[in-house]
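**Student:** What follows is query-v8.cif, made up of mmCIF, C-alpha atoms:
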```cif
data_final
loop_
_atom_site.label_atom_id
_atom_site.label_comp_id
_atom_site.auth_asym_id
_atom_site.auth_seq_id
_atom_site.Cartn_x
_atom_site.Cartn_y
_atom_site.Cartn_z
CA MET A 22 2.29 28.96 28.71
CA PRO A 23 -1.37 28.73 27.79
CA SER A 24 -2.17 29.58 24.22
CA SER A 25 -4.15 32.70 23.44
CA ALA A 26 -6.70 33.37 20.77
CA SER A 27 -4.11 35.48 18.99
CA SER A 28 -1.97 32.51 18.10
CA GLY A 29 -4.02 29.36 18.41
CA ASN A 30 -0.82 27.40 19.13
CA SER A 31 0.92 26.86 22.47
CA TRP A 32 4.57 27.79 22.65
CA SER A 33 5.50 24.27 23.69
CA ALA A 34 3.59 22.69 20.80
CA THR A 35 5.11 25.09 18.31
CA LEU A 36 8.68 24.64 19.47
CA GLY A 37 8.27 20.91 19.90
CA ALA A 38 6.82 20.39 16.43
CA LEU A 39 9.42 22.55 14.77
CA SER A 40 12.44 21.04 16.51
CA GLU A 41 11.81 17.32 16.00
CA GLU A 42 14.17 17.14 13.05
CA GLY A 43 17.36 17.47 15.14
CA PRO A 44 20.21 19.96 15.16
CA GLY A 45 20.95 22.24 12.24
CA GLU A 46 23.95 24.33 11.26
CA GLN A 47 25.19 27.16 13.44
CA GLY A 48 25.94 30.77 12.54
CA HIS A 49 24.84 32.97 9.64
CA ASP A 50 25.49 30.36 6.92
CA HIS A 51 22.32 29.12 5.22
CA GLU A 52 23.74 26.89 2.48
CA GLN A 53 22.01 23.54 1.97
CA ARG A 54 24.13 20.54 2.94
CA GLY A 55 22.95 17.51 1.02
CA SER A 56 19.57 16.00 0.34
CA ASP A 57 18.84 15.26 4.01
CA ASP A 58 19.19 18.94 4.87
CA ARG A 59 16.96 19.89 1.94
CA ASN A 60 14.28 17.49 3.14
CA VAL A 61 14.47 18.85 6.69
CA THR A 62 14.29 22.42 5.44
CA ALA A 63 11.23 21.67 3.30
CA MET A 64 9.51 19.99 6.23
CA LEU A 65 10.26 22.86 8.59
CA HIS A 66 9.08 25.37 6.00
CA ALA A 67 5.80 23.51 5.52
CA ARG A 68 5.17 23.42 9.25
CA SER A 69 6.11 27.07 9.55
CA GLU A 70 3.51 28.02 6.94
CA ARG A 71 0.81 26.17 8.85
CA VAL A 72 1.45 28.01 12.12
CA VAL A 73 1.98 31.44 10.57
CA ALA A 74 -1.69 31.51 9.60
CA HIS A 75 -2.47 31.83 13.33
CA SER A 76 0.30 34.24 14.26
CA GLY A 77 -1.93 37.18 15.18
CA THR A 78 -1.91 40.78 14.06
CA VAL A 79 -0.14 44.04 14.75
CA GLN A 80 -1.82 47.36 14.00
CA GLY A 81 -4.58 45.36 12.29
CA MET A 82 -2.21 43.60 9.87
CA PRO A 83 -1.45 39.83 10.02
CA LEU A 84 2.01 38.91 11.23
CA LYS A 85 4.03 36.89 8.74
CA THR A 86 7.29 36.23 10.61
CA LEU A 87 6.24 36.09 14.27
CA LEU A 88 4.02 34.04 16.55
CA VAL A 89 2.40 35.73 19.54
CA ASP A 90 1.12 33.98 22.65
CA ARG A 91 -0.54 35.75 25.60
CA ASP A 92 -1.38 33.99 28.84
CA ASP A 93 -3.61 35.15 31.69
CA HIS A 94 -0.60 36.14 33.81
CA GLY A 95 0.34 39.02 31.51
CA VAL A 96 3.18 37.15 29.80
CA VAL A 97 3.54 37.79 26.06
CA THR A 98 5.65 35.22 24.23
CA ILE A 99 7.00 36.33 20.86
CA THR A 100 8.44 33.56 18.69
CA MET A 101 10.58 34.50 15.71
CA ASN A 102 9.22 32.12 13.11
CA ARG A 103 11.56 31.51 10.16
CA PRO A 104 12.97 28.14 11.22
CA GLU A 105 14.05 27.24 7.69
CA LYS A 106 16.58 30.10 7.98
CA LYS A 107 17.42 29.69 11.65
CA ASN A 108 15.04 32.60 12.28
CA ALA A 109 17.34 35.01 10.46
CA MET A 110 15.94 38.51 10.86
CA SER A 111 14.61 39.86 7.59
CA ILE A 112 13.65 43.51 7.19
CA GLU A 113 10.04 42.34 7.42
CA MET A 114 10.63 40.55 10.74
CA ILE A 115 12.43 43.57 12.18
CA HIS A 116 9.55 45.83 11.14
CA GLU A 117 6.92 43.50 12.62
CA LEU A 118 8.84 43.07 15.86
CA THR A 119 9.28 46.84 16.28
CA GLN A 120 5.56 47.44 15.70
CA LEU A 121 4.61 44.66 18.11
CA LEU A 122 6.84 46.07 20.86
CA ASP A 123 5.24 49.47 20.29
CA GLU A 124 1.83 47.92 20.96
CA ILE A 125 3.05 46.06 24.03
CA ALA A 126 4.55 49.26 25.43
CA ASP A 127 1.08 50.86 25.42
CA SER A 128 -0.76 47.82 26.79
CA ARG A 129 -2.04 47.73 30.38
CA THR A 130 -2.41 43.95 30.38
CA ASP A 131 0.94 42.91 28.88
CA ARG A 132 3.43 42.78 31.75
CA VAL A 133 6.41 40.69 30.59
CA VAL A 134 7.81 39.86 27.16
CA VAL A 135 9.47 36.53 26.41
CA LEU A 136 11.40 36.51 23.13
CA THR A 137 12.38 33.17 21.60
CA GLY A 138 12.82 31.37 18.29
CA ALA A 139 11.04 28.54 16.47
CA GLY A 140 12.84 25.27 15.82
CA ASP A 141 16.38 24.76 17.06
CA ALA A 142 17.57 28.38 16.88
CA PHE A 143 16.99 31.67 18.67
CA THR A 144 18.09 33.69 15.65
CA SER A 145 21.10 33.52 13.36
CA GLY A 146 21.17 37.30 13.09
CA ALA A 147 20.35 39.60 10.20
CA ASP A 148 19.34 37.85 6.99
CA LEU A 149 22.18 38.43 4.52
CA THR A 150 20.68 36.18 1.85
CA PRO A 151 19.51 38.08 -1.26
CA SER A 152 15.83 37.50 -1.98
CA LYS A 153 14.18 37.73 -5.39
CA GLY A 154 10.97 39.63 -5.91
CA LYS A 155 11.31 41.80 -2.84
CA LYS A 156 10.42 45.48 -2.74
CA LYS A 157 13.36 47.82 -2.28
CA ASP A 158 12.45 48.49 1.37
CA ASP A 159 12.37 44.73 2.06
CA GLU A 160 15.71 43.82 0.48
CA ALA A 161 18.23 41.80 2.46
CA PHE A 162 20.93 43.56 4.45
CA GLY A 163 23.93 44.35 2.29
CA SER A 164 22.02 44.21 -1.01
CA GLY A 165 21.99 47.37 -3.09
CA GLY A 166 24.16 50.39 -2.35
CA ALA A 167 25.19 52.22 0.80
CA GLY A 168 21.86 54.02 1.02
CA THR A 169 19.88 50.78 1.04
CA ALA A 170 22.23 49.26 3.58
CA LEU A 171 21.96 52.29 5.87
CA HIS A 172 18.16 52.22 5.59
CA GLY A 173 18.10 48.58 6.72
CA MET A 174 20.59 49.13 9.53
CA ARG A 175 18.60 52.04 10.88
CA ARG A 176 15.53 49.82 11.00
CA LEU A 177 17.54 47.33 13.05
CA GLY A 178 18.72 50.20 15.24
CA ARG A 179 15.14 51.29 15.93
CA LEU A 180 14.28 47.74 17.00
CA ILE A 181 17.25 47.54 19.36
CA LEU A 182 16.36 50.89 20.95
CA ARG A 183 12.67 49.95 21.19
CA LEU A 184 13.65 46.76 23.03
CA HIS A 185 16.03 48.63 25.34
CA ASP A 186 13.52 51.36 26.16
CA LEU A 187 10.48 49.08 26.47
CA PRO A 188 8.82 49.94 29.80
CA LYS A 189 8.18 46.24 30.45
CA PRO A 190 10.70 43.60 31.55
CA THR A 191 11.96 41.33 28.77
CA ILE A 192 13.34 37.80 28.86
CA ALA A 193 15.35 36.21 26.05
CA ALA A 194 14.60 32.48 25.99
CA VAL A 195 17.60 31.30 23.98
CA ASN A 196 16.81 27.79 22.78
CA GLY A 197 19.58 27.45 20.18
CA VAL A 198 22.04 29.55 18.20
CA ALA A 199 22.10 33.30 18.88
CA VAL A 200 24.77 34.89 16.72
CA GLY A 201 25.60 38.30 15.32
CA ALA A 202 22.71 40.71 15.66
CA GLY A 203 20.77 37.76 17.11
CA CYS A 204 23.25 37.48 19.96
CA ASN A 205 22.94 41.20 20.66
CA LEU A 206 19.15 41.02 20.44
CA ALA A 207 19.31 38.52 23.30
CA LEU A 208 21.81 40.65 25.23
CA GLY A 209 19.43 43.60 24.86
CA CYS A 210 16.77 41.80 26.89
CA ASP A 211 16.67 42.32 30.65
CA LEU A 212 17.17 38.65 31.49
CA ILE A 213 18.50 35.68 29.51
CA VAL A 214 17.59 32.04 30.09
CA ALA A 215 19.61 29.70 27.89
CA SER A 216 19.04 26.06 27.11
CA ASP A 217 22.20 23.99 27.48
CA ALA A 218 21.92 23.53 23.70
CA ALA A 219 22.25 27.30 23.10
CA ARG A 220 25.26 28.84 21.36
CA PHE A 221 26.36 32.47 21.25
CA SER A 222 28.72 34.38 18.97
CA GLU A 223 29.70 37.92 18.03
CA ILE A 224 30.36 36.43 14.60
CA PHE A 225 30.68 39.72 12.69
CA ALA A 226 34.43 39.58 12.01
CA ARG A 227 34.04 36.21 10.26
CA ARG A 228 31.62 37.89 7.88
CA GLY A 229 33.84 40.90 7.25
CA LEU A 230 31.63 43.11 9.41
CA SER A 231 31.88 45.23 12.55
CA LEU A 232 29.60 45.01 15.58
CA ASP A 233 25.95 46.03 15.31
CA GLY A 234 22.68 45.43 17.13
CA GLY A 235 23.87 47.48 20.10
CA GLY A 236 26.75 45.10 20.78
CA SER A 237 29.38 47.84 21.10
CA TRP A 238 27.33 49.39 23.93
CA LEU A 239 26.02 46.23 25.59
CA LEU A 240 29.09 44.00 25.72
CA PRO A 241 31.48 46.27 27.68
CA ARG A 242 28.74 46.99 30.23
CA LEU A 243 27.91 43.32 30.67
CA ILE A 244 31.35 41.70 30.74
CA GLY A 245 33.99 44.45 30.72
CA LEU A 246 35.99 45.99 27.90
CA HIS A 247 38.73 43.36 27.52
CA LYS A 248 36.33 40.42 27.47
CA ALA A 249 34.13 42.30 25.02
CA LYS A 250 37.10 42.77 22.69
CA GLU A 251 37.97 39.09 22.98
CA LEU A 252 34.49 38.00 21.89
CA ALA A 253 34.42 40.56 19.06
CA PHE A 254 37.97 40.01 17.76
CA LEU A 255 37.92 36.19 17.79
CA ALA A 256 34.28 35.81 16.70
CA GLU A 257 34.16 32.36 18.28
CA ILE A 258 30.98 30.40 18.92
CA ILE A 259 30.71 29.75 22.66
CA SER A 260 28.51 27.32 24.56
CA ALA A 261 25.73 28.29 26.92
CA GLU A 262 27.90 27.19 29.84
CA GLU A 263 30.76 29.42 28.72
CA ALA A 264 28.32 32.30 28.21
CA GLY A 265 27.23 31.73 31.79
CA ARG A 266 30.83 31.99 32.99
CA TYR A 267 31.23 35.22 31.03
CA GLY A 268 28.17 36.59 32.84
CA ILE A 269 26.19 36.98 29.62
CA VAL A 270 23.25 34.78 30.66
CA ASN A 271 21.32 34.60 33.92
CA ARG A 272 20.54 30.89 33.87
CA VAL A 273 21.57 27.84 31.87
CA VAL A 274 19.08 24.98 32.14
CA PRO A 275 18.76 21.52 30.60
CA ALA A 276 16.80 21.53 27.36
CA GLY A 277 14.14 19.31 28.94
CA ASP A 278 13.46 21.89 31.67
CA PHE A 279 13.77 24.93 29.44
CA GLU A 280 10.12 25.81 28.87
CA LYS A 281 9.20 25.18 32.51
CA VAL A 282 11.97 27.42 33.84
CA VAL A 283 11.20 30.23 31.38
CA THR A 284 7.48 30.06 32.17
CA GLU A 285 8.03 30.13 35.93
CA LEU A 286 10.51 33.00 35.72
CA ALA A 287 8.28 35.08 33.42
CA ARG A 288 5.26 34.59 35.68
CA ARG A 289 7.25 35.51 38.78
CA VAL A 290 8.33 38.76 37.14
CA ALA A 291 4.79 39.39 35.86
CA ALA A 292 3.49 39.05 39.44
CA GLN A 293 5.56 42.05 40.59
CA PRO A 294 4.12 45.61 40.68
CA PRO A 295 4.31 46.68 37.01
CA ILE A 296 4.87 50.42 37.47
CA GLN A 297 7.60 49.93 40.07
CA ILE A 298 9.35 47.30 37.94
CA SER A 299 9.17 49.63 34.94
CA ILE A 300 10.75 52.46 36.93
CA THR A 301 13.41 50.14 38.34
CA LYS A 302 14.33 49.04 34.81
CA LYS A 303 14.69 52.69 33.78
CA LEU A 304 16.86 53.49 36.82
CA LEU A 305 19.18 50.54 36.14
CA ASN A 306 19.42 51.21 32.40
CA GLN A 307 20.55 54.79 32.95
CA SER A 308 22.82 53.99 35.90
CA LEU A 309 26.09 54.08 33.95
CA SER A 310 25.35 57.41 32.31
CA VAL A 311 24.40 59.49 35.38
CA SER A 312 26.25 60.62 38.48
CA MET A 313 25.64 59.13 41.92
CA ALA A 314 23.86 62.31 42.96
CA GLU A 315 21.58 62.15 39.92
CA ALA A 316 20.84 58.47 40.51
CA VAL A 317 19.88 59.10 44.15
CA GLU A 318 17.64 62.02 43.15
CA PHE A 319 15.88 59.88 40.53
CA GLU A 320 15.40 57.15 43.14
CA ASP A 321 13.95 59.64 45.63
CA VAL A 322 11.40 60.93 43.14
CA ALA A 323 10.47 57.43 41.99
CA GLN A 324 10.06 56.16 45.55
CA SER A 325 7.88 59.08 46.55
CA LEU A 326 5.54 58.18 43.69
CA ALA A 327 5.55 54.53 44.76
CA PHE A 328 4.48 55.41 48.30
CA SER A 329 1.33 57.01 46.89
CA SER A 330 0.40 54.05 44.69
CA ALA A 331 -2.32 51.49 45.31
CA ASP A 332 0.14 48.64 44.65
CA THR A 333 2.45 49.76 47.46
CA ALA A 334 -0.51 49.94 49.83
CA GLU A 335 -1.51 46.44 48.70
CA ALA A 336 2.03 45.16 49.35
CA MET A 337 2.01 46.56 52.89
CA LEU A 338 -1.43 45.10 53.62
CA ALA A 339 -0.45 41.71 52.21
CA PHE A 340 2.65 41.70 54.45
CA ILE A 341 0.51 42.36 57.52
CA GLU A 342 -2.03 39.74 56.50
CA LYS A 343 0.71 37.22 55.66
CA ARG A 344 -0.42 36.61 52.07
CA ASP A 345 0.89 37.21 48.56
CA PRO A 346 0.06 40.66 47.17
CA LYS A 347 -2.05 41.10 44.05
CA PHE A 348 -0.75 43.99 42.01
CA THR A 349 -2.95 45.85 39.53
CA GLY A 350 -0.62 48.52 38.15
CA GLU A 351 -2.35 51.34 40.05
#
```
With the file now loaded, output its structure as structure tokens.
**Tutor:**
Amino acid sequence: MPSSASSGNSWSATLGALSEEGPGEQGHDHEQRGSDDRNVTAMLHARSERVVAHSGTVQGMPLKTLLVDRDDHGVVTITMNRPEKKNAMSIEMIHELTQLLDEIADSRTDRVVVLTGAGDAFTSGADLTPSKGKKKDDEAFGSGGAGTALHGMRRLGRLILRLHDLPKPTIAAVNGVAVGAGCNLALGCDLIVASDAARFSEIFARRGLSLDGGGSWLLPRLIGLHKAKELAFLAEIISAEEAGRYGIVNRVVPAGDFEKVVTELARRVAAQPPIQISITKKLLNQSLSVSMAEAVEFEDVAQSLAFSSADTAEAMLAFIEKRDPKFTGE
């Protein structure tokens, strides 16, 4: 994925530089484990600070927890960038990600979103570690009273709904652990490509918590009610291969091929007619909450609009001329 001016760092360079130190711990736990782990954490943190300076802006403000890459195919790669905490989602990260998705939703040039994590993790979920010196609105989840907790959870809820309703296709590129709300953030994307080093877990019960991040809605629809209860009740960490057998991920690929596969898939999706793909996503998302008659009526209206679009005319002409169509979103 070519680097854009907004980030100044290619995705491959960023992930490669941040993951040289080898595997870290899995799950929500962030305790240091010996001097070697402290040295690795310090090194990752130093590298993270260097790349954050080029992370881009959202609504005119510099991003502090995300990296943004845009290529000339319309693919926007968002990298959650807190590798020293396995990319645990702070209130600040959730706020930045929600704002960024709002901007992407209104963009005519952004066609596909790839969401991934820096280092050797996708994200270890919501950051439960108390932080000193934070403003009340930026406190960690679970700190303070019920009101503070509800405020933070509703921010997470807005992010999950923004991701679900985004009128652009989304791909979770799961390069490492994706647990708790991080697992459900991945499940909320339209497609999931997992490295064979990825791990997934609905880890909430181990932390004395119930499901969040849209998991109670997503899991039964993806894998059925009984399997959903199994993952939630046992809170086990499962491999990428097992997640593939569950039907949670679309593709599991060797770590060495991961970036190439994600890039090719994202560009293939970006090459499709953007308005028609957006409508198709909406039709599929609402399919389990409408009747067959309603679904067919929505399809009929959507298709009638497609027939009058410039992209459909281009597709027909390209078929006749035996060439690939070039879609413009008109």
**Student:** Let me know the residues the PyMOL selection byres ((chain A and resi 202) around 9) catches in the file above, as a PDB file with C-alpha atoms, keeping the file's coordinate frame.
**Tutor:**
```
ATOM      1  CA  MET A 110      15.940  38.510  10.860  1.00  0.00           C
ATOM      2  CA  THR A 144      18.090  33.690  15.650  1.00  0.00           C
ATOM      3  CA  SER A 145      21.100  33.520  13.360  1.00  0.00           C
ATOM      4  CA  GLY A 146      21.170  37.300  13.090  1.00  0.00           C
ATOM      5  CA  ALA A 147      20.350  39.600  10.200  1.00  0.00           C
ATOM      6  CA  LEU A 177      17.540  47.330  13.050  1.00  0.00           C
ATOM      7  CA  ALA A 199      22.100  33.300  18.880  1.00  0.00           C
ATOM      8  CA  VAL A 200      24.770  34.890  16.720  1.00  0.00           C
ATOM      9  CA  GLY A 201      25.600  38.300  15.320  1.00  0.00           C
ATOM     10  CA  GLY A 203      20.770  37.760  17.110  1.00  0.00           C
ATOM     11  CA  CYS A 204      23.250  37.480  19.960  1.00  0.00           C
ATOM     12  CA  ASN A 205      22.940  41.200  20.660  1.00  0.00           C
ATOM     13  CA  LEU A 206      19.150  41.020  20.440  1.00  0.00           C
ATOM     14  CA  ALA A 207      19.310  38.520  23.300  1.00  0.00           C
ATOM     15  CA  GLU A 223      29.700  37.920  18.030  1.00  0.00           C
ATOM     16  CA  ILE A 224      30.360  36.430  14.600  1.00  0.00           C
ATOM     17  CA  PHE A 225      30.680  39.720  12.690  1.00  0.00           C
ATOM     18  CA  LEU A 232      29.600  45.010  15.580  1.00  0.00           C
ATOM     19  CA  ASP A 233      25.950  46.030  15.310  1.00  0.00           C
ATOM     20  CA  GLY A 234      22.680  45.430  17.130  1.00  0.00           C
ATOM     21  CA  GLY A 235      23.870  47.480  20.100  1.00  0.00           C
ATOM     22  CA  GLY A 236      26.750  45.100  20.780  1.00  0.00           C
TER      23      GLY A 236
END
```
**Student:** Quick one: residues within 7 Å of Ala218 (chain A), all atoms listed in the file counted, chain neighbours fewer than 5 positions away excluded, as a PyMOL selection string?
**Tutor:** chain A and resi 196-197+261+276
**Student:** Take the residues from that selection and put them in a file with C-alpha atoms, as a PDB file, in the frame of the given file.
**Tutor:**
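Okay, this is what ended up in again-v5.pdb:
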```pdb
ATOM      1  CA  ASN A 196      16.810  27.790  22.780  1.00  0.00           C
ATOM      2  CA  GLY A 197      19.580  27.450  20.180  1.00  0.00           C
ATOM      3  CA  ALA A 261      25.730  28.290  26.920  1.00  0.00           C
ATOM      4  CA  ALA A 276      16.800  21.530  27.360  1.00  0.00           C
TER       5      ALA A 276
END
```
**Student:** Evaluating the PyMOL selection byres ((chain A and resi 346) around 9) on the displayed file yields which residues, as a PyMOL selection string?
**Tutor:** chain A and resi 292-293+332+335-340+344-345+347-348
**Student:** Residues at most 10 Å from Gly350 (chain A), counting all atoms listed in the file, excluding those fewer than 6 positions away in the same chain, as a ChimeraX atom specification?
**Tutor:** /A:129-130,132,293-297,330-333
**Student:** Pick from A:Gly265, A:Gly277, A:Pro83, A:Gly168: nearest to Arg220 (chain A), with all atoms listed in the file counted?
**Tutor:** A:Gly265
**Student:** Considering all atoms listed in the file, can you say which of A:Glu251, A:Asp186, A:Asp123, A:Glu315 comes closest to Asp211 (chain A)?
**Tutor:**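 Residue with the minimum atom-to-atom distance to Asp211 (chain A): A:Asp186.
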**Student:** Would you mind telling me which residue in A:Ile213, A:Glu113, A:Thr78, A:Leu180 lies nearest to Thr137 (chain A) when using all atoms listed in the file?
**Tutor:**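 Ranked by minimum distance to Thr137 (chain A), first place goes to A:Ile213.
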**Student:** Which of these, A:Arg272, A:Lys248, A:Lys302, A:Arg266, has the shortest distance to Ala194 (chain A) once you count all atoms listed in the file?
**Tutor:**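 Looking only at the distances to Ala194 (chain A), the closest residue turns out to be A:Arg272.
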**Student:** If you measure from CA of Ser237 (chain A) to CA of Met114 (chain A), what distance in Å do you get, rounded to one decimal?
**Tutor:**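 Distance between the two atoms: 22.6 Å.
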**Student:** As a PyMOL selection string, please: the residues near Asp278 (chain A) (cut-off 12 Å, all atoms listed in the file, same-chain neighbours under 3 positions excluded).
**Tutor:** chain A and resi 33+196+214-218+272-275+281-285
**Student:** For this structure, which residues satisfy the selection - the PyMOL selection byres ((chain A and resi 98) around 8) - when it is evaluated on the file as given? I want them as a compact mmCIF listing (two decimals) with C-alpha atoms, keeping the file's coordinate frame.
**Tutor:**
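After the write, result_34.txt holds the following:
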```txt
# COMPACT_ATOMS: atom_id res chain seq x y z
CA TRP A 32 4.57 27.79 22.65
CA LEU A 88 4.02 34.04 16.55
CA VAL A 89 2.40 35.73 19.54
CA ASP A 90 1.12 33.98 22.65
CA ARG A 91 -0.54 35.75 25.60
CA VAL A 96 3.18 37.15 29.80
CA VAL A 97 3.54 37.79 26.06
CA ILE A 99 7.00 36.33 20.86
CA THR A 100 8.44 33.56 18.69
CA VAL A 134 7.81 39.86 27.16
CA VAL A 135 9.47 36.53 26.41
CA LEU A 136 11.40 36.51 23.13
CA THR A 137 12.38 33.17 21.60
```
**Student:** Tell me, as a ChimeraX atom specification, which residues lie within 8 Å of Ala226 (chain A), counting all atoms listed in the file; anything in the same chain fewer than 6 positions away does not count.
**Tutor:** /A:253-256
**Student:** With distances taken over all atoms listed in the file, which of A:Gly268, A:Pro190, A:Gly209, A:Gly229 is nearest to Val290 (chain A)?
**Tutor:**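 Comparing A:Gly268, A:Pro190, A:Gly209, A:Gly229 against Val290 (chain A), the winner is A:Pro190.
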**Student:** Counting all atoms listed in the file, which of A:Ala249, A:Ala314, A:Ala287, A:Leu87 gets nearest to Val133 (chain A)?
**Tutor:**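 The shortest atom-to-atom distance to Val133 (chain A) comes from A:Ala287.
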**Student:** Interatomic distance between CA of Ile244 (chain A) and CA of Ile269 (chain A)?
**Tutor:**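 Computing the Euclidean distance for CA of Ile244 (chain A) and CA of Ile269 (chain A) yields 7.1 Å.
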**Student:** Could you state the separation of CA of Gly138 (chain A) and CA of Leu122 (chain A) in Å, given to one decimal place?
**Tutor:**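 Separation of CA of Gly138 (chain A) and CA of Leu122 (chain A): 16.1 Å.
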